[in-house]
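Colleague: What follows is data39.cif, mmCIF, C-alpha atoms.
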data_structure
loop_
_atom_site.label_atom_id
_atom_site.label_comp_id
_atom_site.auth_asym_id
_atom_site.auth_seq_id
_atom_site.Cartn_x
_atom_site.Cartn_y
_atom_site.Cartn_z
CA MET A 1 39.32 -2.87 -9.67
CA ALA A 2 38.56 -6.51 -10.44
CA ILE A 3 40.13 -8.32 -13.38
CA TRP A 4 38.70 -11.24 -15.35
CA LEU A 5 41.18 -14.06 -16.01
CA LYS A 6 38.43 -15.91 -17.87
CA ARG A 7 35.10 -14.68 -19.25
CA GLY A 8 31.96 -16.58 -20.17
CA ALA A 9 29.90 -16.33 -23.33
CA PRO A 10 28.48 -12.88 -24.09
CA GLN A 11 24.90 -12.16 -23.08
CA GLN A 12 23.78 -11.81 -26.72
CA GLN A 13 24.76 -15.41 -27.46
CA ARG A 14 22.60 -16.56 -24.58
CA ALA A 15 19.71 -14.39 -25.77
CA ASP A 16 19.85 -15.91 -29.25
CA ILE A 17 19.64 -19.39 -27.77
CA GLN A 18 16.68 -18.35 -25.60
CA LYS A 19 14.77 -17.02 -28.62
CA SER A 20 14.94 -20.41 -30.31
CA VAL A 21 13.79 -22.14 -27.12
CA ALA A 22 10.81 -19.80 -26.77
CA GLU A 23 9.57 -20.51 -30.29
CA THR A 24 9.73 -24.26 -29.76
CA VAL A 25 7.89 -24.06 -26.43
CA ASP A 26 5.15 -21.91 -27.96
CA ARG A 27 4.39 -24.55 -30.57
CA ILE A 28 4.32 -27.38 -28.04
CA LEU A 29 2.02 -25.62 -25.57
CA THR A 30 -0.38 -24.63 -28.34
CA ASP A 31 -0.52 -28.24 -29.51
CA ILE A 32 -1.27 -29.51 -25.98
CA ALA A 33 -4.00 -26.93 -25.50
CA GLU A 34 -5.65 -27.95 -28.78
CA ARG A 35 -5.23 -31.74 -28.74
CA GLY A 36 -4.73 -32.73 -25.10
CA ASP A 37 -3.67 -36.33 -24.48
CA ALA A 38 -2.98 -37.02 -28.15
CA ALA A 39 -0.42 -34.22 -28.31
CA VAL A 40 1.16 -35.20 -25.00
CA ARG A 41 1.58 -38.80 -26.10
CA GLU A 42 3.05 -37.85 -29.47
CA LEU A 43 5.55 -35.54 -27.76
CA SER A 44 6.45 -38.20 -25.23
CA GLN A 45 7.06 -40.68 -28.02
CA ARG A 46 9.13 -38.19 -30.01
CA PHE A 47 11.34 -36.89 -27.23
CA ASP A 48 11.52 -39.82 -24.81
CA ASN A 49 10.48 -42.81 -26.94
CA TRP A 50 7.82 -43.43 -24.30
CA ASN A 51 4.12 -44.13 -24.91
CA PRO A 52 2.76 -46.73 -22.46
CA GLU A 53 -0.89 -47.65 -22.05
CA SER A 54 -1.10 -45.28 -19.08
CA LEU A 55 1.25 -42.41 -18.29
CA ALA A 56 0.12 -42.62 -14.65
CA LEU A 57 1.83 -45.26 -12.55
CA SER A 58 -0.33 -47.88 -10.88
CA ASP A 59 0.21 -49.02 -7.30
CA ARG A 60 1.77 -52.20 -8.64
CA GLU A 61 4.21 -50.28 -10.82
CA LYS A 62 5.16 -48.06 -7.90
CA GLN A 63 5.86 -51.08 -5.73
CA ASP A 64 7.93 -52.67 -8.50
CA CYS A 65 10.18 -49.60 -8.48
CA LEU A 66 10.53 -49.70 -4.70
CA ASP A 67 11.43 -53.38 -4.88
CA GLN A 68 14.32 -52.62 -7.25
CA LEU A 69 16.13 -50.54 -4.61
CA SER A 70 18.22 -51.96 -1.80
CA SER A 71 17.32 -51.41 1.82
CA GLN A 72 20.27 -49.01 2.08
CA ASP A 73 19.00 -47.03 -0.92
CA LEU A 74 15.61 -46.67 0.74
CA LYS A 75 17.15 -45.70 4.08
CA ASP A 76 19.25 -43.03 2.37
CA ILE A 77 16.21 -41.60 0.59
CA GLU A 78 14.26 -41.61 3.84
CA PHE A 79 17.12 -39.86 5.67
CA ALA A 80 17.25 -37.09 3.07
CA GLN A 81 13.48 -36.73 3.09
CA THR A 82 13.43 -36.48 6.88
CA GLN A 83 15.86 -33.55 6.74
CA VAL A 84 13.81 -31.77 4.05
CA ARG A 85 10.53 -32.43 5.88
CA ASN A 86 11.91 -31.24 9.22
CA PHE A 87 13.20 -27.94 7.84
CA ALA A 88 10.03 -27.38 5.81
CA GLN A 89 7.97 -27.93 8.97
CA ILE A 90 10.12 -25.41 10.85
CA GLN A 91 9.45 -22.92 8.06
CA ARG A 92 5.72 -23.65 8.14
CA ASP A 93 5.59 -23.22 11.90
CA SER A 94 7.18 -19.78 11.51
CA MET A 95 4.18 -18.60 9.48
CA GLN A 96 1.39 -17.70 11.85
CA ASP A 97 -2.19 -16.69 11.14
CA VAL A 98 -2.93 -13.33 12.78
CA GLU A 99 -6.01 -11.53 14.04
CA VAL A 100 -5.82 -8.21 15.86
CA GLU A 101 -8.15 -5.39 16.90
CA THR A 102 -6.42 -2.40 15.30
CA LEU A 103 -9.03 0.14 16.48
CA PRO A 104 -11.95 -0.28 18.88
CA GLY A 105 -14.42 -2.46 16.98
CA VAL A 106 -12.13 -3.05 13.97
CA VAL A 107 -10.63 -6.52 13.60
CA LEU A 108 -8.10 -7.39 10.87
CA GLY A 109 -6.42 -10.68 10.16
CA HIS A 110 -4.80 -12.98 7.66
CA LYS A 111 -4.77 -16.71 7.04
CA HIS A 112 -2.21 -18.85 5.20
CA ILE A 113 -4.23 -21.03 2.84
CA PRO A 114 -2.57 -23.76 0.74
CA VAL A 115 -3.32 -23.98 -2.97
CA ASN A 116 -5.67 -26.83 -3.86
CA ALA A 117 -3.40 -28.64 -6.33
CA ALA A 118 0.31 -28.51 -7.13
CA GLY A 119 2.25 -30.07 -9.97
CA CYS A 120 5.86 -31.03 -9.22
CA TYR A 121 8.36 -31.55 -12.02
CA VAL A 122 11.30 -33.86 -11.35
CA PRO A 123 14.06 -33.67 -13.99
CA GLY A 124 15.52 -37.00 -15.03
CA GLY A 125 16.63 -36.96 -18.64
CA LYS A 126 20.41 -37.09 -18.14
CA TYR A 127 20.46 -38.06 -14.45
CA PRO A 128 17.66 -39.46 -12.25
CA LEU A 129 17.39 -36.42 -9.97
CA LEU A 130 15.37 -37.99 -7.18
CA ALA A 131 16.27 -35.13 -4.84
CA SER A 132 13.88 -32.86 -6.73
CA ALA A 133 11.02 -35.08 -5.59
CA HIS A 134 11.95 -34.45 -1.96
CA MET A 135 12.20 -30.72 -2.49
CA SER A 136 8.87 -30.25 -4.26
CA VAL A 137 6.46 -32.97 -3.12
CA ILE A 138 7.41 -32.92 0.56
CA THR A 139 7.37 -29.13 0.71
CA ALA A 140 3.91 -29.01 -0.85
CA LYS A 141 2.61 -31.66 1.56
CA VAL A 142 4.01 -29.88 4.60
CA ALA A 143 2.29 -26.72 3.36
CA GLY A 144 -0.99 -28.66 3.37
CA VAL A 145 -1.68 -28.93 -0.37
CA PRO A 146 -4.48 -31.55 -0.74
CA ARG A 147 -3.54 -32.81 -4.22
CA VAL A 148 0.10 -33.08 -5.23
CA ILE A 149 0.98 -34.66 -8.57
CA SER A 150 4.46 -35.40 -9.83
CA CYS A 151 5.95 -35.87 -13.28
CA ALA A 152 9.38 -37.23 -14.22
CA PRO A 153 10.60 -38.47 -17.61
CA PRO A 154 11.57 -42.08 -18.21
CA PHE A 155 15.22 -42.90 -17.65
CA GLN A 156 16.90 -45.32 -20.03
CA GLY A 157 13.56 -46.43 -21.42
CA LYS A 158 11.61 -47.02 -18.21
CA PRO A 159 10.48 -45.28 -15.02
CA ALA A 160 13.53 -44.40 -12.92
CA PRO A 161 13.18 -46.59 -9.82
CA ALA A 162 14.91 -44.10 -7.50
CA ILE A 163 12.77 -41.18 -8.68
CA VAL A 164 9.57 -43.19 -8.33
CA ALA A 165 10.59 -44.33 -4.85
CA ALA A 166 11.30 -40.74 -3.85
CA GLN A 167 7.92 -39.60 -5.22
CA VAL A 168 6.10 -42.39 -3.39
CA LEU A 169 7.89 -41.87 -0.08
CA ALA A 170 7.41 -38.10 -0.35
CA GLY A 171 3.65 -38.62 -0.59
CA ALA A 172 2.73 -37.73 -4.18
CA ASP A 173 -0.95 -38.40 -4.84
CA GLU A 174 -0.50 -39.05 -8.58
CA ILE A 175 2.72 -40.01 -10.36
CA TYR A 176 3.18 -39.69 -14.13
CA VAL A 177 6.11 -40.86 -16.20
CA LEU A 178 6.24 -37.81 -18.41
CA GLY A 179 8.99 -35.30 -19.08
CA GLY A 180 9.84 -31.95 -20.61
CA VAL A 181 7.47 -29.31 -21.89
CA GLN A 182 4.76 -31.94 -22.41
CA ALA A 183 4.74 -32.65 -18.67
CA ILE A 184 4.62 -28.95 -17.77
CA GLY A 185 1.86 -28.30 -20.31
CA ALA A 186 -0.22 -31.29 -19.25
CA MET A 187 -0.10 -30.31 -15.57
CA ALA A 188 -0.90 -26.64 -16.18
CA ILE A 189 -3.36 -26.85 -19.08
CA GLY A 190 -4.85 -30.25 -18.30
CA THR A 191 -5.86 -33.05 -20.65
CA GLU A 192 -8.58 -35.65 -20.82
CA THR A 193 -6.73 -37.78 -18.25
CA ILE A 194 -4.70 -35.25 -16.26
CA LYS A 195 -6.65 -32.73 -14.21
CA PRO A 196 -4.90 -29.33 -14.21
CA VAL A 197 -3.16 -27.93 -11.13
CA ASP A 198 -3.08 -24.47 -9.61
CA MET A 199 0.69 -24.23 -9.25
CA LEU A 200 3.80 -25.61 -10.95
CA VAL A 201 7.11 -26.13 -9.17
CA GLY A 202 10.44 -27.78 -9.83
CA PRO A 203 13.65 -27.20 -11.79
CA GLY A 204 14.37 -28.24 -15.34
CA ASN A 205 16.22 -27.39 -18.53
CA ALA A 206 15.79 -24.25 -20.61
CA PHE A 207 12.66 -25.64 -22.29
CA VAL A 208 10.98 -26.46 -18.97
CA ALA A 209 11.86 -23.03 -17.59
CA GLU A 210 10.44 -21.32 -20.67
CA ALA A 211 7.25 -23.37 -20.46
CA LYS A 212 6.76 -22.25 -16.86
CA ARG A 213 7.39 -18.66 -17.89
CA LYS A 214 4.73 -18.80 -20.58
CA LEU A 215 2.19 -20.51 -18.32
CA PHE A 216 2.69 -18.12 -15.40
CA GLY A 217 -0.62 -16.38 -14.83
CA ARG A 218 -2.63 -19.35 -15.96
CA VAL A 219 -1.05 -21.11 -12.98
CA GLY A 220 1.28 -19.99 -10.26
CA ILE A 221 4.92 -21.01 -10.38
CA ASP A 222 7.69 -21.24 -7.84
CA LEU A 223 10.30 -19.34 -9.86
CA PHE A 224 12.11 -19.37 -13.19
CA ALA A 225 14.64 -22.12 -12.57
CA GLY A 226 16.92 -22.36 -15.57
CA PRO A 227 20.36 -23.94 -15.95
CA THR A 228 22.23 -24.49 -12.69
CA GLU A 229 24.56 -21.67 -11.64
CA THR A 230 27.34 -21.73 -9.09
CA LEU A 231 29.61 -19.02 -7.72
CA VAL A 232 32.60 -19.92 -5.56
CA ILE A 233 33.92 -17.05 -3.41
CA ALA A 234 37.29 -17.95 -1.93
CA ASP A 235 40.60 -16.73 -0.60
CA GLU A 236 43.87 -18.47 0.25
CA ILE A 237 42.92 -18.80 3.93
CA GLY A 238 39.55 -20.44 3.32
CA ALA A 239 40.30 -22.78 0.42
CA ASP A 240 42.79 -24.17 -2.05
CA GLY A 241 42.70 -24.79 -5.78
CA GLU A 242 41.49 -28.37 -5.49
CA LEU A 243 38.49 -27.44 -3.32
CA CYS A 244 37.52 -24.55 -5.59
CA ALA A 245 37.86 -26.60 -8.79
CA THR A 246 35.87 -29.49 -7.31
CA ASP A 247 33.03 -27.21 -6.26
CA LEU A 248 32.95 -25.49 -9.66
CA LEU A 249 32.89 -28.71 -11.70
CA GLY A 250 30.53 -30.40 -9.27
CA GLN A 251 27.83 -28.03 -10.50
CA ALA A 252 29.05 -27.55 -14.08
CA GLU A 253 28.31 -31.24 -14.70
CA HIS A 254 24.59 -30.41 -14.65
CA GLY A 255 24.85 -29.51 -18.31
CA PRO A 256 26.77 -27.62 -20.98
CA ASP A 257 24.88 -24.39 -20.24
CA SER A 258 25.61 -24.23 -16.49
CA PRO A 259 27.71 -21.19 -15.48
CA ALA A 260 30.47 -21.79 -12.92
CA VAL A 261 32.30 -18.73 -11.61
CA LEU A 262 35.27 -18.30 -9.27
CA LEU A 263 35.51 -14.97 -7.44
CA THR A 264 38.62 -14.47 -5.33
CA THR A 265 41.01 -11.89 -3.94
CA SER A 266 44.00 -14.09 -4.80
CA GLU A 267 45.38 -14.33 -8.33
CA LYS A 268 47.54 -17.20 -7.10
CA LEU A 269 44.46 -19.15 -5.98
CA ALA A 270 42.69 -18.27 -9.23
CA ARG A 271 45.45 -19.72 -11.38
CA GLU A 272 45.81 -22.79 -9.16
CA THR A 273 42.07 -23.39 -9.49
CA MET A 274 42.18 -23.09 -13.30
CA ALA A 275 45.00 -25.64 -13.39
CA GLU A 276 43.05 -27.98 -11.08
CA VAL A 277 39.96 -27.65 -13.28
CA GLU A 278 41.97 -28.90 -16.24
CA ARG A 279 43.37 -31.78 -14.21
CA LEU A 280 39.97 -32.85 -12.90
CA LEU A 281 38.43 -32.68 -16.38
CA GLN A 282 40.81 -35.48 -17.38
CA ILE A 283 39.36 -37.85 -14.78
CA LEU A 284 35.79 -36.70 -14.02
CA PRO A 285 33.27 -39.21 -15.46
CA THR A 286 30.90 -36.36 -16.34
CA ALA A 287 33.63 -34.28 -17.97
CA ASP A 288 31.79 -34.02 -21.29
CA HIS A 289 29.09 -31.81 -19.79
CA ALA A 290 31.36 -30.09 -17.30
CA ARG A 291 34.00 -29.15 -19.89
CA LYS A 292 31.47 -27.56 -22.24
CA ALA A 293 29.97 -25.59 -19.37
CA TRP A 294 33.37 -24.44 -18.12
CA GLU A 295 34.72 -23.51 -21.54
CA THR A 296 31.58 -21.64 -22.59
CA TYR A 297 30.24 -20.12 -19.37
CA GLY A 298 33.04 -20.46 -16.81
CA GLU A 299 34.54 -17.27 -15.38
CA VAL A 300 37.44 -16.43 -13.09
CA ILE A 301 37.43 -13.02 -11.41
CA VAL A 302 40.11 -11.52 -9.17
CA ALA A 303 38.86 -8.71 -6.92
CA GLU A 304 40.79 -6.37 -4.68
CA SER A 305 38.83 -6.87 -1.44
CA ASP A 306 36.00 -8.71 0.26
CA GLU A 307 33.86 -5.60 -0.21
CA GLU A 308 34.42 -5.69 -3.95
CA MET A 309 33.62 -9.40 -3.99
CA VAL A 310 30.29 -8.69 -2.29
CA ALA A 311 29.46 -6.05 -4.91
CA ILE A 312 30.37 -8.37 -7.80
CA ALA A 313 28.53 -11.32 -6.25
CA ASP A 314 25.38 -9.24 -5.79
CA GLU A 315 25.59 -8.20 -9.44
CA ILE A 316 25.96 -11.83 -10.56
CA ALA A 317 23.05 -12.88 -8.26
CA SER A 318 23.98 -16.54 -8.55
CA GLU A 319 21.75 -19.48 -7.71
CA HIS A 320 24.38 -21.16 -5.50
CA VAL A 321 27.11 -19.26 -3.66
CA GLN A 322 29.86 -21.29 -1.98
CA VAL A 323 31.87 -19.07 0.39
CA MET A 324 35.29 -20.34 1.47
CA THR A 325 37.09 -17.34 2.93
CA ALA A 326 38.72 -16.34 6.21
CA ALA A 327 35.41 -14.73 7.31
CA PRO A 328 32.45 -16.37 5.55
CA ASP A 329 29.92 -14.74 7.88
CA TYR A 330 30.91 -11.37 6.40
CA PHE A 331 29.18 -12.48 3.20
CA LEU A 332 26.13 -13.76 5.08
CA LYS A 333 25.81 -10.33 6.70
CA ASN A 334 26.42 -8.23 3.60
CA MET A 335 25.26 -10.13 0.50
CA THR A 336 21.70 -9.53 -0.68
CA ASN A 337 21.33 -11.35 -4.03
CA TYR A 338 21.71 -15.13 -3.98
CA GLY A 339 19.62 -18.29 -4.08
CA ALA A 340 21.40 -20.08 -1.26
CA LEU A 341 24.65 -19.56 0.65
CA PHE A 342 27.01 -22.37 1.61
CA LEU A 343 29.31 -21.02 4.28
CA GLY A 344 32.75 -22.47 4.90
CA ALA A 345 34.72 -25.31 3.38
CA ARG A 346 32.94 -27.95 5.47
CA THR A 347 29.69 -27.53 3.53
CA ASN A 348 29.07 -27.37 -0.20
CA VAL A 349 26.34 -27.05 -2.81
CA SER A 350 25.95 -30.81 -3.16
CA TYR A 351 24.86 -31.07 0.48
CA GLY A 352 22.10 -28.58 -0.22
CA ASP A 353 21.19 -30.26 -3.50
CA LYS A 354 20.79 -33.71 -2.02
CA VAL A 355 20.42 -34.12 1.69
CA ILE A 356 21.02 -31.39 4.25
CA GLY A 357 17.42 -30.15 4.36
CA THR A 358 17.27 -26.74 2.68
CA ASN A 359 15.45 -26.62 -0.65
CA HIS A 360 17.47 -26.95 -3.85
CA THR A 361 14.94 -25.34 -6.21
CA LEU A 362 16.50 -21.88 -6.40
CA PRO A 363 16.37 -18.73 -8.55
CA THR A 364 18.60 -18.47 -11.63
CA GLY A 365 19.13 -15.86 -14.35
CA LYS A 366 19.51 -13.04 -11.79
CA ALA A 367 16.05 -13.76 -10.34
CA ALA A 368 17.74 -13.82 -6.91
CA ARG A 369 17.45 -10.02 -7.07
CA TYR A 370 13.74 -10.36 -6.25
CA THR A 371 12.97 -13.86 -4.98
CA GLY A 372 14.33 -16.65 -2.86
CA GLY A 373 13.97 -20.35 -3.53
CA LEU A 374 11.14 -22.82 -3.15
CA TRP A 375 9.77 -23.19 0.38
CA VAL A 376 6.45 -23.92 2.05
CA GLY A 377 5.42 -20.29 1.70
CA LYS A 378 5.32 -20.64 -2.09
CA PHE A 379 2.39 -23.05 -1.75
CA LEU A 380 0.47 -20.76 0.61
CA LYS A 381 -1.78 -17.82 -0.17
CA THR A 382 -1.70 -15.19 2.56
CA CYS A 383 -5.30 -13.98 2.47
CA THR A 384 -6.60 -11.11 4.56
CA TYR A 385 -10.01 -10.54 6.15
CA GLN A 386 -11.69 -7.80 8.16
CA ARG A 387 -14.52 -7.57 10.64
CA VAL A 388 -16.19 -4.44 12.07
CA THR A 389 -17.93 -5.36 15.31
CA THR A 390 -19.63 -2.13 16.50
CA ASP A 391 -21.93 0.51 14.99
CA GLN A 392 -19.62 3.24 16.22
CA ALA A 393 -16.59 1.76 14.46
CA SER A 394 -18.45 1.32 11.17
CA ALA A 395 -19.69 4.92 11.22
CA MET A 396 -16.28 6.31 12.15
CA ILE A 397 -14.42 4.39 9.44
CA GLY A 398 -17.23 5.25 7.02
CA GLU A 399 -16.75 8.99 7.45
CA TYR A 400 -13.05 8.72 6.61
CA CYS A 401 -13.80 6.43 3.67
CA SER A 402 -16.46 8.76 2.27
CA ARG A 403 -14.14 11.76 2.24
CA LEU A 404 -11.29 9.77 0.70
CA CYS A 405 -13.60 8.45 -2.02
CA ALA A 406 -14.61 12.02 -2.79
CA LEU A 407 -10.96 12.90 -3.36
CA GLU A 408 -10.79 10.16 -5.96
CA GLY A 409 -14.17 10.83 -7.56
CA PHE A 410 -15.56 7.36 -6.81
CA ALA A 411 -19.22 8.06 -6.08
CA GLY A 412 -20.24 4.41 -5.81
CA HIS A 413 -17.42 3.61 -3.44
CA GLY A 414 -18.36 6.64 -1.37
CA GLU A 415 -21.97 5.59 -1.13
CA GLN A 416 -20.92 2.20 0.26
CA ALA A 417 -19.50 4.19 3.17
CA ASN A 418 -22.34 6.73 3.33
CA ILE A 419 -25.09 4.16 3.72
CA ARG A 420 -23.33 2.70 6.74
CA VAL A 421 -22.77 6.12 8.30
CA ARG A 422 -26.50 6.72 7.95
CA ARG A 423 -27.53 3.32 9.26
CA TYR A 424 -25.03 2.84 12.05
CA GLY A 425 -24.17 6.46 12.94
CA GLY A 426 -27.49 8.17 12.37
CA ARG A 427 -25.93 11.13 10.54
CA GLU A 428 -25.28 12.40 7.04
CA VAL A 429 -21.86 12.85 5.46
CA PRO A 430 -21.01 15.59 2.95
CA TYR A 431 -19.97 13.93 -0.29
CA ALA A 432 -18.51 15.69 -3.32
CA GLY A 433 -20.02 19.01 -2.26
CA ARG A 434 -23.44 17.52 -1.35
CA VAL A 435 -24.89 17.34 2.14
CA GLU A 436 -27.94 15.25 1.27
CA PRO A 437 -27.41 11.49 0.67
CA LEU A 438 -26.77 10.38 -2.88
CA LEU A 439 -29.18 7.49 -2.41
CA VAL A 440 -32.41 7.73 -0.46
#
Can the structure in the file be given as structure tokens, please?
Modeller:
Amino acid sequence: MAIWLKRGAPQQQRADIQKSVAETVDRILTDIAERGDAAVRELSQRFDNWNPESLALSDREKQDCLDQLSSQDLKDIEFAQTQVRNFAQIQRDSMQDVEVETLPGVVLGHKHIPVNAAGCYVPGGKYPLLASAHMSVITAKVAGVPRVISCAPPFQGKPAPAIVAAQVLAGADEIYVLGGVQAIGAMAIGTETIKPVDMLVGPGNAFVAEAKRKLFGRVGIDLFAGPTETLVIADEIGADGELCATDLLGQAEHGPDSPAVLLTTSEKLARETMAEVERLLQILPTADHARKAWETYGEVIVAESDEEMVAIADEIASEHVQVMTAAPDYFLKNMTNYGALFLGARTNVSYGDKVIGTNHTLPTGKAARYTGGLWVGKFLKTCTYQRVTTDQASAMIGEYCSRLCALEGFAGHGEQANIRVRRYGGREVPYAGRVEPLLV
């Protein structure tokens, strides 16, 4: 049986925090719906001290941001975007339209149709997370979305040059310097100057995640992406304390509410990792955030076997799962609940977050039990169609349909079938105890 050397905050504490967040988001979204641009601008001024003449960037402003980056910066962004675009295209190519004759004269098919407009949120309050622009804008464009807009908050009192460059190079059609719930609300609800979208994507803090939750239904969303989560699964063969501690704190620095969990079969490795965490927190520049996250939500679990680690990992259903064991492929084969797997010590979550090509917008809060992360398929509607090409097929299907409708008591549905049996088959169909047609 597994033992916990360190436990995170109880679930009730997290629920109490979430209740406060939900109430705040409710008020903000109601205000945006009622007052549009005026509300958005007031919120932007209040939370980001930002209220320019236009929230949308002009071509000149976009170019100014590009000019602030070095040629190496731009090459690095382009390299990362190439990897994301290539993998997204491979995913898109795997999704084929189909059309097949399932019975003589009966043709069924489906098409993958992109949504007409997508809104991409790029977090940037604490750090200018330009990678989120790659993950959302590029993926939407590869899916074929005609209108892709992007919002990111100002950084240190102005548009973040790296984020703007990433948005431009990714192909965003409209770019707004706007953050938080006001950005999510403006994109989903629409204002006098921002036309609403059909789908919202992108990670964010607890307020952004709650706004997406409340707006789901009015628009589509990718998933409920809350605070970053990481789970490190390790043993003494696959890793050491320094590697484990680095990978835990590398994600805990996202914010003070980011869970970081070590799951291992070695109590020795567990204690070495805890000691390394304390050492690294003395020198890590982002230790303020990372320490709060580790102290409040960090966990260390010692299991008896790889099988028990799989069971515990599936229960945790973490966003990121870094596997550094003697046999990492065992976890690829047997785990079912995770956002993304990072297999072996040579890779890590940061590669996935920034550059390797897989998408970093991933499920949190146990949502990995029922969904994967953002990918081109999220922007596509798989829509079916049918075609009946012969009289004989229509009459044959109609007879089955009529009898099945009778079982359900749907007279109108049944008559849709009956009229076609009469017209294309030249015969009557008993319906609900009647031989004569219901409609003459």
Colleague: What does the distance from CA of Ile175 in chain A to CA of Cys120 in chain A come to in Å, to one decimal?
Modeller: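 Interatomic distance, CA of Ile175 in chain A to CA of Cys120 in chain A: 9.6 Å.
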Colleague: Any chance you could resolve the PyMOL selection byres ((chain A and resi 206) around 12) against this file and give the residues as a count of residues only?
Modeller: 34
Colleague: Out of A:Leu284, A:Ile149, A:Ile233, A:Met187, which residue has the shortest atom-to-atom distance to Leu332 in chain A when counting all atoms listed in the file?
Modeller: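 Looking at the shortest contact to Leu332 in chain A, the residue is A:Ile233.
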Colleague: Using all atoms listed in the file, find the one residue out of A:Glu99, A:Asp64, A:Glu192, A:Glu399 that sits nearest to Ala417 in chain A.
Modeller: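 Ranking A:Glu99, A:Asp64, A:Glu192, A:Glu399 by distance to Ala417 in chain A, first place goes to A:Glu399.
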Colleague: Just the number, please: distance in Å from CA of Gly398 in chain A to CA of Gly412 in chain A, one decimal.
Modeller: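 So the two atoms, CA of Gly398 in chain A and CA of Gly412 in chain A, lie 13.2 Å apart.
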Colleague: Since the input is missing atoms for range 187-192 of chain A, could you rebuild it with all heavy atoms and give the result as a JSON list (two decimals), keeping the file's coordinate frame?
Modeller:
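Listing of selection_17.json after writing:
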[["chain", "number", "residue", "atom", "x", "y", "z"],
["A", 187, "MET", "N", 0.27, -30.65, -16.95],
["A", 187, "MET", "CA", -0.10, -30.31, -15.57],
["A", 187, "MET", "C", -0.81, -28.96, -15.49],
["A", 187, "MET", "O", -1.74, -28.78, -14.71],
["A", 187, "MET", "CB", 1.13, -30.33, -14.67],
["A", 187, "MET", "CG", 1.68, -31.72, -14.40],
["A", 187, "MET", "SD", 2.93, -31.76, -13.07],
["A", 187, "MET", "CE", 4.34, -30.99, -13.88],
["A", 188, "ALA", "N", -0.34, -27.99, -16.27],
["A", 188, "ALA", "CA", -0.90, -26.64, -16.18],
["A", 188, "ALA", "C", -2.19, -26.48, -16.97],
["A", 188, "ALA", "O", -3.16, -25.86, -16.50],
["A", 188, "ALA", "CB", 0.13, -25.62, -16.66],
["A", 189, "ILE", "N", -2.21, -27.03, -18.19],
["A", 189, "ILE", "CA", -3.36, -26.85, -19.08],
["A", 189, "ILE", "C", -4.41, -27.92, -18.82],
["A", 189, "ILE", "O", -5.62, -27.66, -18.88],
["A", 189, "ILE", "CB", -2.90, -26.90, -20.55],
["A", 189, "ILE", "CG1", -1.92, -25.75, -20.82],
["A", 189, "ILE", "CG2", -4.07, -26.85, -21.51],
["A", 189, "ILE", "CD1", -1.17, -25.86, -22.14],
["A", 190, "GLY", "N", -3.95, -29.12, -18.50],
["A", 190, "GLY", "CA", -4.85, -30.25, -18.30],
["A", 190, "GLY", "C", -5.15, -30.97, -19.61],
["A", 190, "GLY", "O", -5.04, -30.40, -20.69],
["A", 191, "THR", "N", -5.48, -32.24, -19.49],
["A", 191, "THR", "CA", -5.86, -33.05, -20.65],
["A", 191, "THR", "C", -7.07, -33.89, -20.25],
["A", 191, "THR", "O", -7.62, -33.74, -19.15],
["A", 191, "THR", "CB", -4.71, -33.99, -21.07],
["A", 191, "THR", "OG1", -4.57, -35.02, -20.08],
["A", 191, "THR", "CG2", -3.39, -33.25, -21.22],
["A", 192, "GLU", "N", -7.45, -34.78, -21.13],
["A", 192, "GLU", "CA", -8.58, -35.65, -20.82],
["A", 192, "GLU", "C", -8.32, -36.53, -19.60],
["A", 192, "GLU", "O", -9.25, -36.93, -18.89],
["A", 192, "GLU", "CB", -8.93, -36.55, -22.02],
["A", 192, "GLU", "CG", -9.37, -35.80, -23.26],
["A", 192, "GLU", "CD", -8.21, -35.44, -24.19],
["A", 192, "GLU", "OE1", -7.08, -35.23, -23.68],
["A", 192, "GLU", "OE2", -8.43, -35.38, -25.41]]
